[in-house]
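Shown next: data09.json, given as JSON, C-alpha atoms.
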[["chain", "number", "residue", "atom", "x", "y", "z"],
["A", 1, "MET", "CA", 21.74, 4.91, -14.40],
["A", 2, "PRO", "CA", 19.45, 2.10, -13.15],
["A", 3, "THR", "CA", 15.94, 1.90, -14.53],
["A", 4, "ALA", "CA", 12.76, 1.04, -12.61],
["A", 5, "LEU", "CA", 9.22, 0.24, -13.71],
["A", 6, "ILE", "CA", 6.43, 0.88, -11.19],
["A", 7, "THR", "CA", 2.91, -0.47, -11.59],
["A", 8, "GLY", "CA", 0.22, 1.35, -9.64],
["A", 9, "VAL", "CA", 2.26, 4.54, -9.94],
["A", 10, "THR", "CA", -0.78, 6.80, -9.44],
["A", 11, "GLY", "CA", -1.41, 5.42, -5.96],
["A", 12, "GLN", "CA", -0.01, 6.71, -2.69],
["A", 13, "ASP", "CA", 2.95, 4.30, -2.68],
["A", 14, "GLY", "CA", 3.65, 4.76, -6.37],
["A", 15, "LEU", "CA", 3.91, 8.52, -5.95],
["A", 16, "TYR", "CA", 6.30, 8.31, -3.01],
["A", 17, "LEU", "CA", 8.37, 5.53, -4.60],
["A", 18, "SER", "CA", 8.74, 7.31, -7.94],
["A", 19, "GLU", "CA", 9.97, 10.46, -6.18],
["A", 20, "PHE", "CA", 12.31, 8.38, -4.00],
["A", 21, "LEU", "CA", 13.87, 6.57, -6.99],
["A", 22, "LEU", "CA", 14.16, 9.72, -9.09],
["A", 23, "GLY", "CA", 15.99, 11.29, -6.17],
["A", 24, "LYS", "CA", 18.48, 8.44, -6.31],
["A", 25, "GLY", "CA", 19.16, 9.03, -9.99],
["A", 26, "TYR", "CA", 16.97, 6.27, -11.43],
["A", 27, "GLU", "CA", 15.24, 6.45, -14.77],
["A", 28, "VAL", "CA", 11.66, 5.74, -13.73],
["A", 29, "TYR", "CA", 8.72, 4.48, -15.77],
["A", 30, "GLY", "CA", 5.23, 4.36, -14.32],
["A", 31, "LEU", "CA", 2.52, 2.04, -15.62],
["A", 32, "VAL", "CA", -0.92, 3.62, -15.91],
["A", 33, "ARG", "CA", -4.12, 1.76, -16.79],
["A", 34, "GLY", "CA", -5.94, 3.49, -19.63],
["A", 35, "GLN", "CA", -5.23, 6.85, -21.21],
["A", 36, "ASN", "CA", -8.44, 8.25, -19.70],
["A", 37, "ASN", "CA", -7.39, 7.34, -16.16],
["A", 38, "PRO", "CA", -8.49, 10.29, -13.97],
["A", 39, "LYS", "CA", -5.35, 9.93, -11.84],
["A", 40, "VAL", "CA", -2.93, 10.44, -14.72],
["A", 41, "ASP", "CA", -2.70, 14.18, -14.04],
["A", 42, "ILE", "CA", -1.34, 13.43, -10.57],
["A", 43, "VAL", "CA", 1.79, 11.78, -11.97],
["A", 44, "ARG", "CA", 2.23, 14.02, -15.02],
["A", 45, "ASN", "CA", 3.52, 16.69, -12.64],
["A", 46, "ILE", "CA", 6.40, 14.56, -11.33],
["A", 47, "PRO", "CA", 9.52, 15.78, -13.20],
["A", 48, "GLY", "CA", 11.39, 12.95, -14.91],
["A", 49, "LEU", "CA", 8.69, 10.29, -14.54],
["A", 50, "LYS", "CA", 7.87, 8.58, -17.84],
["A", 51, "LEU", "CA", 4.42, 7.06, -18.31],
["A", 52, "LEU", "CA", 3.52, 3.83, -20.07],
["A", 53, "PHE", "CA", 0.01, 2.47, -20.53],
["A", 54, "GLY", "CA", -0.93, -1.09, -19.65],
["A", 55, "ASP", "CA", -3.28, -3.27, -17.65],
["A", 56, "LEU", "CA", -2.39, -5.91, -15.07],
["A", 57, "THR", "CA", -5.08, -8.16, -16.52],
["A", 58, "ASP", "CA", -3.52, -7.98, -20.01],
["A", 59, "LEU", "CA", -0.22, -9.84, -20.30],
["A", 60, "SER", "CA", 0.53, -8.51, -23.78],
["A", 61, "SER", "CA", 0.37, -4.90, -22.56],
["A", 62, "LEU", "CA", 2.73, -5.75, -19.69],
["A", 63, "LEU", "CA", 5.19, -7.36, -22.07],
["A", 64, "ARG", "CA", 5.17, -4.22, -24.21],
["A", 65, "ALA", "CA", 5.74, -2.04, -21.15],
["A", 66, "VAL", "CA", 8.64, -4.13, -19.90],
["A", 67, "HIS", "CA", 10.34, -4.22, -23.30],
["A", 68, "THR", "CA", 9.95, -0.45, -23.60],
["A", 69, "ALA", "CA", 11.24, 0.38, -20.13],
["A", 70, "ARG", "CA", 13.98, -2.31, -20.07],
["A", 71, "PRO", "CA", 14.00, -2.13, -16.27],
["A", 72, "ASP", "CA", 16.60, -3.32, -13.80],
["A", 73, "GLU", "CA", 13.94, -3.28, -11.08],
["A", 74, "ILE", "CA", 10.17, -3.78, -11.20],
["A", 75, "TYR", "CA", 7.92, -2.68, -8.34],
["A", 76, "ASN", "CA", 4.48, -4.27, -8.61],
["A", 77, "LEU", "CA", 2.28, -1.96, -6.55],
["A", 78, "GLY", "CA", -0.78, -2.08, -8.78],
["A", 79, "ALA", "CA", -3.93, -3.56, -7.24],
["A", 80, "ILE", "CA", -7.53, -2.92, -6.32],
["A", 81, "SER", "CA", -6.54, -2.04, -2.79],
["A", 82, "TYR", "CA", -9.72, -0.91, -1.05],
["A", 83, "VAL", "CA", -10.65, -3.85, 1.17],
["A", 84, "ALA", "CA", -14.35, -2.97, 1.54],
["A", 85, "TYR", "CA", -14.80, -2.92, -2.25],
["A", 86, "SER", "CA", -13.39, -6.43, -2.55],
["A", 87, "TRP", "CA", -16.61, -7.90, -1.12],
["A", 88, "GLU", "CA", -18.64, -5.96, -3.69],
["A", 89, "ASN", "CA", -16.57, -7.23, -6.60],
["A", 90, "ALA", "CA", -14.56, -10.25, -5.54],
["A", 91, "ARG", "CA", -13.98, -11.39, -9.12],
["A", 92, "LEU", "CA", -12.42, -8.16, -10.35],
["A", 93, "THR", "CA", -10.34, -7.90, -7.17],
["A", 94, "SER", "CA", -9.08, -11.44, -7.76],
["A", 95, "ASP", "CA", -8.26, -10.73, -11.41],
["A", 96, "VAL", "CA", -6.32, -7.54, -10.72],
["A", 97, "THR", "CA", -4.86, -8.02, -7.25],
["A", 98, "GLY", "CA", -4.20, -11.76, -7.62],
["A", 99, "MET", "CA", -3.85, -12.77, -11.26],
["A", 100, "GLY", "CA", -2.27, -9.41, -12.05],
["A", 101, "VAL", "CA", 0.75, -10.50, -10.01],
["A", 102, "LEU", "CA", 1.08, -13.66, -12.08],
["A", 103, "ASN", "CA", 0.89, -11.63, -15.29],
["A", 104, "MET", "CA", 3.58, -9.24, -14.09],
["A", 105, "LEU", "CA", 5.83, -12.08, -12.94],
["A", 106, "GLU", "CA", 5.41, -13.84, -16.27],
["A", 107, "ALA", "CA", 6.14, -10.67, -18.24],
["A", 108, "THR", "CA", 9.29, -10.20, -16.16],
["A", 109, "ARG", "CA", 10.38, -13.80, -16.63],
["A", 110, "LEU", "CA", 9.87, -13.73, -20.38],
["A", 111, "TYR", "CA", 11.75, -10.44, -20.69],
["A", 112, "ALA", "CA", 14.67, -11.64, -18.54],
["A", 113, "GLY", "CA", 15.13, -14.71, -20.74],
["A", 114, "ASP", "CA", 18.15, -16.89, -19.94],
["A", 115, "ASP", "CA", 19.15, -14.74, -16.95],
["A", 116, "PRO", "CA", 15.99, -14.70, -14.78],
["A", 117, "GLY", "CA", 17.70, -12.99, -11.85],
["A", 118, "ARG", "CA", 18.85, -9.94, -13.78],
["A", 119, "VAL", "CA", 15.57, -8.07, -13.25],
["A", 120, "ARG", "CA", 14.77, -7.58, -9.59],
["A", 121, "PHE", "CA", 11.07, -7.84, -8.76],
["A", 122, "TYR", "CA", 9.18, -6.43, -5.79],
["A", 123, "GLN", "CA", 5.68, -7.59, -4.89],
["A", 124, "ALA", "CA", 3.49, -5.47, -2.63],
["A", 125, "SER", "CA", 2.09, -8.02, -0.21],
["A", 126, "SER", "CA", -0.17, -6.96, 2.66],
["A", 127, "SER", "CA", -0.80, -7.44, 6.36],
["A", 128, "GLU", "CA", -4.41, -8.21, 5.35],
["A", 129, "MET", "CA", -3.09, -11.67, 4.45],
["A", 130, "PHE", "CA", -2.84, -12.41, 8.20],
["A", 131, "GLY", "CA", -6.55, -11.68, 8.68],
["A", 132, "LYS", "CA", -7.68, -13.90, 11.54],
["A", 133, "VAL", "CA", -4.31, -13.57, 13.20],
["A", 134, "GLN", "CA", -2.73, -16.75, 14.47],
["A", 135, "GLU", "CA", -0.05, -15.06, 16.57],
["A", 136, "VAL", "CA", 0.71, -11.60, 17.90],
["A", 137, "PRO", "CA", 2.78, -9.89, 16.63],
["A", 138, "GLN", "CA", 2.76, -11.19, 13.06],
["A", 139, "ARG", "CA", 6.03, -12.08, 11.36],
["A", 140, "GLU", "CA", 7.13, -13.59, 8.06],
["A", 141, "SER", "CA", 6.48, -17.15, 9.30],
["A", 142, "THR", "CA", 2.97, -16.47, 10.69],
["A", 143, "LEU", "CA", 0.21, -18.62, 9.17],
["A", 144, "LEU", "CA", -1.85, -16.63, 6.66],
["A", 145, "TRP", "CA", -5.61, -16.58, 7.25],
["A", 146, "PRO", "CA", -7.13, -13.85, 5.05],
["A", 147, "ARG", "CA", -10.59, -12.50, 5.93],
["A", 148, "SER", "CA", -11.52, -10.63, 2.76],
["A", 149, "PRO", "CA", -11.44, -11.25, -1.00],
["A", 150, "TYR", "CA", -8.66, -8.65, -1.12],
["A", 151, "GLY", "CA", -6.63, -10.58, 1.47],
["A", 152, "VAL", "CA", -7.17, -13.85, -0.40],
["A", 153, "ALA", "CA", -5.99, -12.26, -3.67],
["A", 154, "LYS", "CA", -2.91, -10.87, -1.94],
["A", 155, "VAL", "CA", -2.09, -14.33, -0.57],
["A", 156, "TYR", "CA", -2.25, -15.74, -4.09],
["A", 157, "GLY", "CA", 0.11, -13.06, -5.38],
["A", 158, "HIS", "CA", 2.44, -13.53, -2.42],
["A", 159, "TYR", "CA", 2.82, -17.27, -2.90],
["A", 160, "MET", "CA", 3.08, -16.93, -6.67],
["A", 161, "THR", "CA", 6.02, -14.57, -6.13],
["A", 162, "ILE", "CA", 7.67, -17.15, -3.89],
["A", 163, "ASN", "CA", 6.95, -19.84, -6.48],
["A", 164, "TYR", "CA", 8.59, -17.87, -9.31],
["A", 165, "ARG", "CA", 11.58, -17.19, -7.08],
["A", 166, "GLU", "CA", 12.00, -20.86, -6.25],
["A", 167, "SER", "CA", 11.04, -22.27, -9.66],
["A", 168, "TYR", "CA", 12.91, -19.93, -11.99],
["A", 169, "GLY", "CA", 15.61, -18.36, -9.83],
["A", 170, "MET", "CA", 14.10, -14.89, -10.13],
["A", 171, "HIS", "CA", 15.22, -12.16, -7.75],
["A", 172, "ALA", "CA", 11.66, -11.71, -6.47],
["A", 173, "SER", "CA", 10.93, -10.31, -3.01],
["A", 174, "SER", "CA", 7.71, -9.46, -1.19],
["A", 175, "GLY", "CA", 7.16, -6.71, 1.32],
["A", 176, "ILE", "CA", 4.40, -7.63, 3.74],
["A", 177, "LEU", "CA", 3.47, -4.04, 4.47],
["A", 178, "PHE", "CA", 1.24, -3.19, 7.38],
["A", 179, "ASN", "CA", -1.10, -0.22, 7.07],
["A", 180, "HIS", "CA", 0.77, 2.83, 5.83],
["A", 181, "GLU", "CA", -0.84, 6.20, 5.41],
["A", 182, "SER", "CA", -0.14, 9.77, 4.29],
["A", 183, "PRO", "CA", -1.87, 12.90, 3.01],
["A", 184, "ARG", "CA", -1.87, 11.12, -0.37],
["A", 185, "ARG", "CA", -4.04, 8.28, 0.92],
["A", 186, "GLY", "CA", -7.40, 7.92, -0.83],
["A", 187, "PRO", "CA", -10.38, 9.33, 1.10],
["A", 188, "GLU", "CA", -12.03, 5.88, 1.14],
["A", 189, "PHE", "CA", -9.42, 4.66, 3.66],
["A", 190, "VAL", "CA", -10.27, 5.27, 7.29],
["A", 191, "THR", "CA", -7.26, 7.40, 8.23],
["A", 192, "ARG", "CA", -7.82, 9.85, 5.38],
["A", 193, "LYS", "CA", -11.59, 9.66, 5.84],
["A", 194, "VAL", "CA", -11.05, 10.83, 9.42],
["A", 195, "SER", "CA", -8.48, 13.56, 8.64],
["A", 196, "GLN", "CA", -10.60, 14.94, 5.81],
["A", 197, "ALA", "CA", -13.77, 14.89, 7.91],
["A", 198, "VAL", "CA", -12.02, 16.61, 10.83],
["A", 199, "ALA", "CA", -10.86, 19.38, 8.51],
["A", 200, "ARG", "CA", -14.36, 19.81, 7.05],
["A", 201, "ILE", "CA", -16.03, 19.77, 10.48],
["A", 202, "VAL", "CA", -13.66, 22.45, 11.81],
["A", 203, "LEU", "CA", -14.34, 24.60, 8.75],
["A", 204, "GLY", "CA", -18.12, 24.14, 9.06],
["A", 205, "LEU", "CA", -18.39, 22.14, 5.83],
["A", 206, "GLN", "CA", -19.53, 18.86, 7.41],
["A", 207, "GLN", "CA", -21.55, 17.96, 10.49],
["A", 208, "LYS", "CA", -20.96, 14.25, 11.12],
["A", 209, "LEU", "CA", -18.46, 11.47, 10.46],
["A", 210, "GLU", "CA", -19.89, 7.97, 10.00],
["A", 211, "LEU", "CA", -17.64, 5.00, 10.85],
["A", 212, "GLY", "CA", -17.88, 1.28, 11.54],
["A", 213, "ASN", "CA", -15.90, -0.64, 14.16],
["A", 214, "LEU", "CA", -14.14, 1.88, 16.42],
["A", 215, "ASP", "CA", -12.33, -0.85, 18.31],
["A", 216, "ALA", "CA", -10.46, -2.31, 15.32],
["A", 217, "ARG", "CA", -6.71, -1.96, 15.85],
["A", 218, "ARG", "CA", -4.04, -1.45, 13.20],
["A", 219, "ASP", "CA", -0.29, -1.03, 12.93],
["A", 220, "TRP", "CA", -0.15, 2.33, 11.10],
["A", 221, "GLY", "CA", 3.05, 3.76, 9.60],
["A", 222, "PHE", "CA", 4.00, 6.51, 7.15],
["A", 223, "ALA", "CA", 3.99, 5.54, 3.46],
["A", 224, "GLY", "CA", 7.02, 7.72, 2.76],
["A", 225, "ASP", "CA", 9.06, 5.57, 5.14],
["A", 226, "TYR", "CA", 7.80, 2.30, 3.73],
["A", 227, "VAL", "CA", 8.84, 2.87, 0.11],
["A", 228, "GLU", "CA", 12.46, 3.01, 1.25],
["A", 229, "ALA", "CA", 12.04, -0.54, 2.57],
["A", 230, "MET", "CA", 10.81, -1.66, -0.86],
["A", 231, "TRP", "CA", 13.96, -0.31, -2.47],
["A", 232, "LEU", "CA", 16.24, -1.81, 0.18],
["A", 233, "MET", "CA", 14.79, -5.29, -0.48],
["A", 234, "LEU", "CA", 15.87, -5.12, -4.12],
["A", 235, "GLN", "CA", 19.40, -4.05, -3.18],
["A", 236, "GLN", "CA", 20.02, -7.33, -1.33],
["A", 237, "ASP", "CA", 22.05, -10.11, -2.95],
["A", 238, "THR", "CA", 19.41, -12.69, -1.99],
["A", 239, "PRO", "CA", 15.66, -12.15, -2.50],
["A", 240, "ASP", "CA", 13.40, -12.70, 0.50],
["A", 241, "ASP", "CA", 10.15, -11.64, 2.18],
["A", 242, "TYR", "CA", 9.97, -8.99, 4.88],
["A", 243, "VAL", "CA", 7.35, -7.65, 7.27],
["A", 244, "ILE", "CA", 7.37, -3.84, 7.22],
["A", 245, "SER", "CA", 5.61, -2.29, 10.20],
["A", 246, "THR", "CA", 6.01, -0.05, 13.24],
["A", 247, "GLY", "CA", 5.44, -2.71, 15.89],
["A", 248, "GLU", "CA", 2.78, -0.51, 17.51],
["A", 249, "THR", "CA", -0.98, -0.86, 17.37],
["A", 250, "HIS", "CA", -3.64, 1.82, 17.67],
["A", 251, "SER", "CA", -7.43, 1.73, 17.61],
["A", 252, "ILE", "CA", -9.81, 3.83, 15.54],
["A", 253, "ARG", "CA", -10.71, 5.59, 18.77],
["A", 254, "GLU", "CA", -7.07, 6.62, 19.25],
["A", 255, "LEU", "CA", -6.99, 7.83, 15.66],
["A", 256, "LEU", "CA", -10.03, 10.00, 16.38],
["A", 257, "ASP", "CA", -8.48, 11.32, 19.60],
["A", 258, "VAL", "CA", -5.32, 12.51, 17.84],
["A", 259, "ALA", "CA", -7.02, 13.91, 14.73],
["A", 260, "PHE", "CA", -9.76, 15.88, 16.50],
["A", 261, "ALA", "CA", -7.45, 17.13, 19.26],
["A", 262, "HIS", "CA", -5.01, 18.48, 16.68],
["A", 263, "ALA", "CA", -7.87, 20.50, 15.20],
["A", 264, "GLY", "CA", -8.83, 21.85, 18.63],
["A", 265, "ILE", "CA", -11.73, 19.49, 19.45],
["A", 266, "ASP", "CA", -11.18, 17.52, 22.67],
["A", 267, "ASP", "CA", -14.43, 15.52, 22.65],
["A", 268, "TRP", "CA", -15.33, 14.01, 19.28],
["A", 269, "THR", "CA", -18.24, 11.83, 20.42],
["A", 270, "SER", "CA", -20.94, 14.26, 19.24],
["A", 271, "TYR", "CA", -19.41, 14.35, 15.74],
["A", 272, "VAL", "CA", -19.01, 10.60, 15.14],
["A", 273, "GLU", "CA", -21.86, 8.21, 14.39],
["A", 274, "LEU", "CA", -21.71, 4.44, 14.04],
["A", 275, "ASN", "CA", -23.03, 3.12, 10.75],
["A", 276, "PRO", "CA", -23.43, -0.68, 10.41],
["A", 277, "ALA", "CA", -22.91, -0.33, 6.66],
["A", 278, "PHE", "CA", -19.23, 0.29, 7.36],
["A", 279, "LEU", "CA", -18.75, -2.93, 9.33],
["A", 280, "ARG", "CA", -16.81, -5.63, 7.51],
["A", 281, "PRO", "CA", -18.52, -9.01, 6.95],
["A", 282, "ALA", "CA", -15.44, -10.58, 8.55],
["A", 283, "GLU", "CA", -13.40, -8.20, 10.69],
["A", 284, "VAL", "CA", -9.66, -8.16, 11.20],
["A", 285, "ASP", "CA", -9.43, -7.03, 14.81],
["A", 286, "LEU", "CA", -5.73, -6.80, 15.67],
["A", 287, "LEU", "CA", -2.83, -6.33, 13.28],
["A", 288, "ILE", "CA", 0.64, -5.63, 14.65],
["A", 289, "GLY", "CA", 3.83, -6.53, 12.85],
["A", 290, "ASP", "CA", 7.25, -7.72, 13.97],
["A", 291, "CYS", "CA", 9.69, -5.96, 11.62],
["A", 292, "SER", "CA", 12.85, -7.18, 13.37],
["A", 293, "LYS", "CA", 13.98, -9.06, 10.24],
["A", 294, "ALA", "CA", 13.79, -5.90, 8.13],
["A", 295, "ARG", "CA", 15.51, -3.92, 10.85],
["A", 296, "GLU", "CA", 18.40, -6.37, 11.10],
["A", 297, "ALA", "CA", 18.79, -7.44, 7.44],
["A", 298, "LEU", "CA", 17.90, -4.19, 5.68],
["A", 299, "GLY", "CA", 18.87, -1.64, 8.32],
["A", 300, "TRP", "CA", 15.36, -0.18, 7.99],
["A", 301, "GLN", "CA", 13.17, 1.36, 10.63],
["A", 302, "PRO", "CA", 10.23, 3.78, 10.54],
["A", 303, "LYS", "CA", 10.98, 7.45, 11.13],
["A", 304, "VAL", "CA", 7.54, 9.10, 11.39],
["A", 305, "GLY", "CA", 5.45, 8.17, 14.42],
["A", 306, "PHE", "CA", 1.69, 7.56, 14.51],
["A", 307, "GLU", "CA", 0.65, 10.86, 16.10],
["A", 308, "ASP", "CA", 2.94, 12.96, 13.89],
["A", 309, "MET", "CA", 1.58, 11.22, 10.80],
["A", 310, "ILE", "CA", -2.08, 11.86, 11.75],
["A", 311, "ARG", "CA", -1.31, 15.51, 12.52],
["A", 312, "MET", "CA", 0.42, 15.79, 9.14],
["A", 313, "MET", "CA", -2.69, 14.41, 7.44],
["A", 314, "VAL", "CA", -5.05, 16.77, 9.30],
["A", 315, "ASP", "CA", -2.87, 19.77, 8.43],
["A", 316, "ALA", "CA", -2.80, 18.75, 4.75],
["A", 317, "ASP", "CA", -6.58, 18.33, 4.65],
["A", 318, "LEU", "CA", -7.16, 21.63, 6.40],
["A", 319, "ALA", "CA", -5.04, 23.33, 3.75],
["A", 320, "GLU", "CA", -6.79, 21.49, 0.93],
["A", 321, "GLN", "CA", -10.30, 22.22, 2.20],
["A", 322, "ARG", "CA", -9.51, 25.90, 2.80],
["A", 323, "ALA", "CA", -8.20, 26.17, -0.76],
["A", 324, "LEU", "CA", -11.38, 24.58, -2.11],
["A", 325, "VAL", "CA", -13.66, 27.11, -0.41],
["A", 326, "ALA", "CA", -11.44, 30.13, -0.99]]
Could I get this structure in the form of structure tokens?
Amino acid sequence: MPTALITGVTGQDGLYLSEFLLGKGYEVYGLVRGQNNPKVDIVRNIPGLKLLFGDLTDLSSLLRAVHTARPDEIYNLGAISYVAYSWENARLTSDVTGMGVLNMLEATRLYAGDDPGRVRFYQASSSEMFGKVQEVPQRESTLLWPRSPYGVAKVYGHYMTINYRESYGMHASSGILFNHESPRRGPEFVTRKVSQAVARIVLGLQQKLELGNLDARRDWGFAGDYVEAMWLMLQQDTPDDYVISTGETHSIRELLDVAFAHAGIDDWTSYVELNPAFLRPAEVDLLIGDCSKAREALGWQPKVGFEDMIRMMVDADLAEQRALVA
């Protein structure tokens, strides 16, 4: 039975990945920061998942976790992942999202000892690294030009992963994941913010939805599809970096069209207000990924389309909001 250790297990990707690996017969450990973490209850209900406590900013705690789990595979998903917050606290974002990768790589290297390739390492890189995009679509070779402290921290972690792979012979791969969403997405992210607001508006619990740039375009996929790509990367003989995306781009306006229409509202303009507070200091206008390498080398492709995913999210939020007011 292979063993996996997942950092950031309480997040959207960590939840889907832990369930995916458990379904494949893995022994799965999830790393949680702090015993008073409010998200711990989310993962306690996953049968078979074992929890360890540690902090990406504390190398000693990571070493303890790795020696306890004795993993064959490590998935480093932990990060401060809300882009807007990264401008409010660039230092903490850099420590966790950037230096945390170095700490996890070093803990893995020290544990692996004389056989650095025996533990396979996955780093969750991000399309936010492309930022001010230098070509469309973006692929693995596209110049990185991050436009947020979060993007900068992800670039650091991405290149550090490459450096450990090349310097020490580690089996370390990065998935450059474009935006991926689900009903488990945090409500601070725009897709879930929209689906939750639509549900509340339909149920008479909310009057308005405030947003920033409605013309920003993203390549949105389903998180449940994307965790399979993470696993496939670590099953390859040779470590590498892969763009994971749908190859389609949609605007916030299109997101609103689909979400409101699914709830029976054809014209959303009277419900949505523009709030300059939600505009980024430096916007990323167009992200669209070329996942042909992953399709050819990994045999991976997305299964859930954009509109089906948004409808899924609206349905889940309608059910959740109804349960809250029942």
Handout entry: Polymer residues at most 7 Å from A:Arg139, only C-alpha atoms, same-chain spacing of 3 or more positions, as a list in words
Key =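 Non-adjacent residues within range: Thr142, Val243, Gly289 and Asp290 of chain A.
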Now that the selection is made, can you save its residues with C-alpha atoms as an mmCIF file, in the coordinates of the input?
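Final output, out06.cif:
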data_model
loop_
_atom_site.group_PDB
_atom_site.id
_atom_site.type_symbol
_atom_site.label_atom_id
_atom_site.label_comp_id
_atom_site.auth_asym_id
_atom_site.auth_seq_id
_atom_site.Cartn_x
_atom_site.Cartn_y
_atom_site.Cartn_z
ATOM 1 C CA THR A 142 2.970 -16.470 10.690
ATOM 2 C CA VAL A 243 7.350 -7.650 7.270
ATOM 3 C CA GLY A 289 3.830 -6.530 12.850
ATOM 4 C CA ASP A 290 7.250 -7.720 13.970
#
Handout entry: Separation of atom CA of A:His158 from atom CA of A:Glu128 in Å
Key =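 Between atom CA of A:Glu128 and atom CA of A:His158 the gap works out to 11.6 Å.
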Problem - For A:Ile176, the nearest of the candidates A:Lys50, A:Asn275, A:Val136, A:Ser245, counting all atoms listed in the file - result: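 Using all atoms listed in the file, A:Ile176 sits closest to A:Ser245.
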Practice task
Find the residues around A:Ala259 up to 10 Å (all atoms listed in the file counted), leave out those fewer than 5 positions away in its own chain, and share them as a ChimeraX atom specification.
Solution key: /A:191,194-199,253-254,264-266,268,307,309-315
Handout entry: Atomic separation - atom CA of A:Ser148 relative to atom CA of A:Glu135, Å
Key =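 Between these atoms lies a distance of 18.5 Å.
Distances from A:Lys132, A:Arg165, A:His180, A:Lys154 to A:Thr97 were compared using all atoms listed in the file, and the smallest one belongs to A:Lys154.
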Exercise for the section: Have a look at A:Gly157, A:Thr7, A:Pro302, A:Ile162 and name the one nearest to A:Asp225; count all atoms listed in the file. Expected result: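 That would be A:Pro302, the residue with the smallest distance to A:Asp225.
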Fill in the blank from the handout: Restricting to only C-alpha atoms, whichever of A:Glu210, A:Asp215, A:Asp237, A:Glu73 is closest to A:Leu274 is A:Glu210
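Considering the residues A:Ala107, A:Leu5, A:Val190, A:Ala294 and counting only C-alpha atoms, A:Val28 has its shortest atom-to-atom contact with A:Leu5.
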Handout entry: Interatomic distance, atom CA of A:Glu320 to atom CA of A:Arg192 (Å, one decimal)
Key = 12.5 Å
Exercise for the section: Select, from A:Tyr26, A:Tyr156, A:Phe306, A:Tyr164, the residue with the minimum atom-to-atom distance to A:Ser94, counting only C-alpha atoms. Expected result: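 Using only C-alpha atoms, A:Ser94 sits closest to A:Tyr156.
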Handout entry: Point (-3.8, 4.5, -21.5) neighbourhood (10 Å, only C-alpha atoms) written as a list in words
Key = Leu31, Val32, Arg33, Gly34, Gln35, Asn36, Asn37, Val40, Leu51, Leu52, Phe53, Gly54 and Asp55 of chain A
Exercise for the section: Identify the residues around (1.1, 2.7, 21.6) within a radius of 12 Å, measuring from all atoms listed in the file in the coordinates stated by the file, and give them as a list in words. Expected result: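 The answer, in the requested form, is Arg217, Arg218, Asp219, Trp220, Thr246, Gly247, Glu248, Thr249, His250, Ser251, Glu254, Leu255, Ile288, Gly305, Phe306 and Glu307 of chain A.
Residues in contact with stretch 114-125 of chain A at 8 Å, where all atoms listed in the file are counted and same-chain residues fewer than 5 positions away are skipped, are listed as Pro71, Asp72, Glu73, Ile74, Tyr75, Asn76, Leu77, Val101, Leu105, Thr108, Arg109, Lys154, Val155, Gly157, His158, Thr161, Tyr168, Gly169, Met170, His171, Ala172, Ser173, Ser174, Gly175, Ile176, Leu177, Met230, Met233 and Leu234 of chain A.
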Shell around A:Trp87 at 10 Å using only C-alpha atoms, local window under 6 positions removed, as a tab-separated table (two decimals) with C-alpha atoms, in the coordinates of the input:
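Saved the output as part00.tsv:
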chain	number	residue	atom	x	y	z
A	93	THR	CA	-10.34	-7.90	-7.17
A	148	SER	CA	-11.52	-10.63	2.76
A	149	PRO	CA	-11.44	-11.25	-1.00
A	150	TYR	CA	-8.66	-8.65	-1.12
A	280	ARG	CA	-16.81	-5.63	7.51
A	281	PRO	CA	-18.52	-9.01	6.95
